[in-house]
Amino acid sequence: MTNWIVFDYGEVLSLRTAAVPKLAAAMGVSLETFEPVYWSVRDPYDRGCPDLEYWTSIGDQVGAKVDDALSAELTALDVAGWGQLAPGSLDLLQSLSEAGASLALLSNAPSAFGVWVREQEWAKLFKHTLFSGDVKVAKPDAEIFQLLLDKLGAKPDECLFFDDRQVNIDGARAVGIRAHLWDGTEAARAALA
């Protein structure tokens, strides 16, 4: 029996960020220089490294000086970039909520993003949200899935988890959580039927 339906956020409920060109421009470097570094140092940011430390680590690699003001600007651009829900996501969440499903969100994301999500009207559809930046561990580590289960007061087999990355699906399954690789809202509806 499924007591909880748990969703990843980035590229599941949301579209992939469109902010990378704006971030590169704000830092004063080319997109080609900026983008690989943005992704290569993302894991520590998702695991709780402070905003300034993340942006400074990028700046150091691309030859840009990052101060508090630029860090705040970059953080705001980054959060906004991940803020667009994918078509059909909100309808899926609303229909599940109206049907009485208990929904949770588990996302590898910095704390600043978690703050923004919790301010959104649609976030009220989730009974619980858990962001890696807040707990300083991330998927696919077993520890974050255990933190999720503790927060939900659930056994692993009482949860169904959707994520777009196979490594995270494998991590969830390793602790006994039923997990499906995300392939869009219609596929999710079929998996839940």
# chains A, B, ... in the order shown; residues from 1 in each chain; ligands from 1
>>> residues_around(residues="A:Ala25", least_positions_apart="5", cutoff="12 Å", atoms="only C-alpha atoms", output="PDB file with N, CA, C and O atoms, in the first residue's frame")
ATOM      1  N   ALA A  19      18.348  29.734 -16.684  1.00  0.00           N
ATOM      2  CA  ALA A  19      19.082  30.890 -16.163  1.00  0.00           C
ATOM      3  C   ALA A  19      20.579  30.857 -16.426  1.00  0.00           C
ATOM      4  O   ALA A  19      21.256  31.848 -16.162  1.00  0.00           O
ATOM      5  N   VAL A  20      21.106  29.753 -16.932  1.00  0.00           N
ATOM      6  CA  VAL A  20      22.565  29.638 -17.051  1.00  0.00           C
ATOM      7  C   VAL A  20      23.176  30.757 -17.906  1.00  0.00           C
ATOM      8  O   VAL A  20      24.184  31.338 -17.503  1.00  0.00           O
ATOM      9  N   SER A  30      31.803  33.991 -20.686  1.00  0.00           N
ATOM     10  CA  SER A  30      31.011  33.346 -21.737  1.00  0.00           C
ATOM     11  C   SER A  30      30.248  32.147 -21.174  1.00  0.00           C
ATOM     12  O   SER A  30      30.659  31.535 -20.182  1.00  0.00           O
ATOM     13  N   LEU A  31      29.158  31.833 -21.844  1.00  0.00           N
ATOM     14  CA  LEU A  31      28.371  30.661 -21.470  1.00  0.00           C
ATOM     15  C   LEU A  31      29.221  29.397 -21.549  1.00  0.00           C
ATOM     16  O   LEU A  31      29.157  28.531 -20.673  1.00  0.00           O
ATOM     17  N   GLU A  32      30.045  29.308 -22.594  1.00  0.00           N
ATOM     18  CA  GLU A  32      30.894  28.128 -22.794  1.00  0.00           C
ATOM     19  C   GLU A  32      31.879  27.942 -21.643  1.00  0.00           C
ATOM     20  O   GLU A  32      32.210  26.820 -21.270  1.00  0.00           O
ATOM     21  N   THR A  33      32.352  29.053 -21.089  1.00  0.00           N
ATOM     22  CA  THR A  33      33.273  28.987 -19.951  1.00  0.00           C
ATOM     23  C   THR A  33      32.517  28.652 -18.667  1.00  0.00           C
ATOM     24  O   THR A  33      32.972  27.847 -17.850  1.00  0.00           O
ATOM     25  N   PHE A  34      31.343  29.268 -18.505  1.00  0.00           N
ATOM     26  CA  PHE A  34      30.612  29.189 -17.236  1.00  0.00           C
ATOM     27  C   PHE A  34      29.908  27.857 -17.014  1.00  0.00           C
ATOM     28  O   PHE A  34      30.002  27.260 -15.944  1.00  0.00           O
ATOM     29  N   GLU A  35      29.173  27.387 -18.020  1.00  0.00           N
ATOM     30  CA  GLU A  35      28.238  26.273 -17.795  1.00  0.00           C
ATOM     31  C   GLU A  35      28.885  24.995 -17.261  1.00  0.00           C
ATOM     32  O   GLU A  35      28.368  24.406 -16.307  1.00  0.00           O
ATOM     33  N   ALA A  64      36.558  35.186 -12.335  1.00  0.00           N
ATOM     34  CA  ALA A  64      35.648  36.283 -11.983  1.00  0.00           C
ATOM     35  C   ALA A  64      35.662  36.492 -10.471  1.00  0.00           C
ATOM     36  O   ALA A  64      35.685  35.528  -9.708  1.00  0.00           O
ATOM     37  N   LEU A  70      27.305  40.270  -5.570  1.00  0.00           N
ATOM     38  CA  LEU A  70      27.185  39.422  -6.762  1.00  0.00           C
ATOM     39  C   LEU A  70      26.663  38.043  -6.392  1.00  0.00           C
ATOM     40  O   LEU A  70      25.842  37.473  -7.105  1.00  0.00           O
ATOM     41  N   GLU A  73      22.975  38.284  -6.093  1.00  0.00           N
ATOM     42  CA  GLU A  73      22.362  38.409  -7.422  1.00  0.00           C
ATOM     43  C   GLU A  73      22.338  37.060  -8.135  1.00  0.00           C
ATOM     44  O   GLU A  73      21.317  36.656  -8.720  1.00  0.00           O
ATOM     45  N   LEU A  74      23.458  36.354  -8.085  1.00  0.00           N
ATOM     46  CA  LEU A  74      23.545  35.048  -8.735  1.00  0.00           C
ATOM     47  C   LEU A  74      22.582  34.053  -8.098  1.00  0.00           C
ATOM     48  O   LEU A  74      21.921  33.272  -8.792  1.00  0.00           O
ATOM     49  N   LEU A  77      19.054  34.808  -9.316  1.00  0.00           N
ATOM     50  CA  LEU A  77      18.897  34.358 -10.704  1.00  0.00           C
ATOM     51  C   LEU A  77      18.773  32.839 -10.772  1.00  0.00           C
ATOM     52  O   LEU A  77      17.959  32.293 -11.526  1.00  0.00           O
TER      53      LEU A  77
END
>>> select_by_dssp(residues="stretch 12-184 of chain A", states="helix (DSSP H, G or I)", output="PyMOL selection string")
chain A and resi 20-27+31-40+42-46+51-62+68-81+89-98+111-118+121-125+132-135+142-152+156-158+166-174
>>> closest_residue(among="A:Val115, A:Ala109, A:Ala193, A:Ala123", to="A:Lys139", atoms="only C-alpha atoms")
A:Ala109
>>> closest_residue(among="A:Ile144, A:Leu160, A:Ala24, A:Cys49", to="A:Ala191", atoms="only C-alpha atoms")
A:Leu160
>>> closest_residue(among="A:Lys151, A:Lys22, A:Lys65, A:Arg189", to="A:Leu92", atoms="only C-alpha atoms")
A:Arg189
>>> select_by_dssp(residues="stretch 30-173 of chain A", states="strand (DSSP E)", output="short mmCIF file (atom, residue, chain, number, x, y, z; two decimals) with N, CA, C and O atoms, in the first residue's frame")
data_model
loop_
_atom_site.label_atom_id
_atom_site.label_comp_id
_atom_site.auth_asym_id
_atom_site.auth_seq_id
_atom_site.Cartn_x
_atom_site.Cartn_y
_atom_site.Cartn_z
N SER A 102 -1.06 11.52 -0.01
CA SER A 102 -0.10 12.25 0.81
C SER A 102 1.14 12.47 -0.04
O SER A 102 1.80 11.51 -0.46
N LEU A 103 1.48 13.74 -0.28
CA LEU A 103 2.58 14.08 -1.17
C LEU A 103 3.76 14.63 -0.39
O LEU A 103 3.59 15.38 0.58
N ALA A 104 4.96 14.29 -0.86
CA ALA A 104 6.20 14.83 -0.29
C ALA A 104 7.14 15.19 -1.43
O ALA A 104 7.03 14.65 -2.53
N LEU A 105 8.05 16.09 -1.13
CA LEU A 105 9.04 16.55 -2.10
C LEU A 105 10.42 16.28 -1.53
O LEU A 105 10.71 16.65 -0.39
N LEU A 106 11.26 15.63 -2.32
CA LEU A 106 12.65 15.35 -1.93
C LEU A 106 13.55 15.83 -3.05
O LEU A 106 13.56 15.26 -4.15
N SER A 107 14.33 16.88 -2.79
CA SER A 107 15.10 17.51 -3.86
C SER A 107 16.54 17.75 -3.44
O SER A 107 16.80 18.22 -2.33
N HIS A 128 5.14 17.34 3.32
CA HIS A 128 6.54 17.50 3.76
C HIS A 128 7.41 17.84 2.57
O HIS A 128 7.21 17.32 1.47
N THR A 129 8.41 18.69 2.80
CA THR A 129 9.44 18.96 1.81
C THR A 129 10.80 18.76 2.48
O THR A 129 10.97 19.10 3.65
N LEU A 130 11.72 18.19 1.73
CA LEU A 130 13.07 17.94 2.25
C LEU A 130 14.08 18.32 1.17
O LEU A 130 14.04 17.77 0.05
N PHE A 131 14.95 19.26 1.50
CA PHE A 131 15.96 19.75 0.57
C PHE A 131 17.34 19.37 1.09
O PHE A 131 17.65 19.58 2.27
N CYS A 159 6.21 4.07 0.47
CA CYS A 159 6.53 5.24 -0.35
C CYS A 159 6.74 4.84 -1.81
O CYS A 159 7.31 3.80 -2.10
N LEU A 160 6.30 5.72 -2.69
CA LEU A 160 6.59 5.61 -4.11
C LEU A 160 7.30 6.89 -4.51
O LEU A 160 6.78 7.98 -4.29
N PHE A 161 8.48 6.77 -5.09
CA PHE A 161 9.35 7.91 -5.36
C PHE A 161 9.59 8.05 -6.86
O PHE A 161 9.88 7.08 -7.55
N PHE A 162 9.46 9.29 -7.36
CA PHE A 162 9.73 9.61 -8.76
C PHE A 162 10.95 10.52 -8.85
O PHE A 162 11.00 11.56 -8.18
N ASP A 163 11.91 10.15 -9.72
CA ASP A 163 13.10 10.97 -9.93
C ASP A 163 13.53 10.77 -11.39
O ASP A 163 13.26 9.73 -11.98
#
>>> closest_residue(among="A:Leu149, A:Ala80, A:Leu52, A:Ala101", to="A:Ala18", atoms="only C-alpha atoms")
A:Ala80
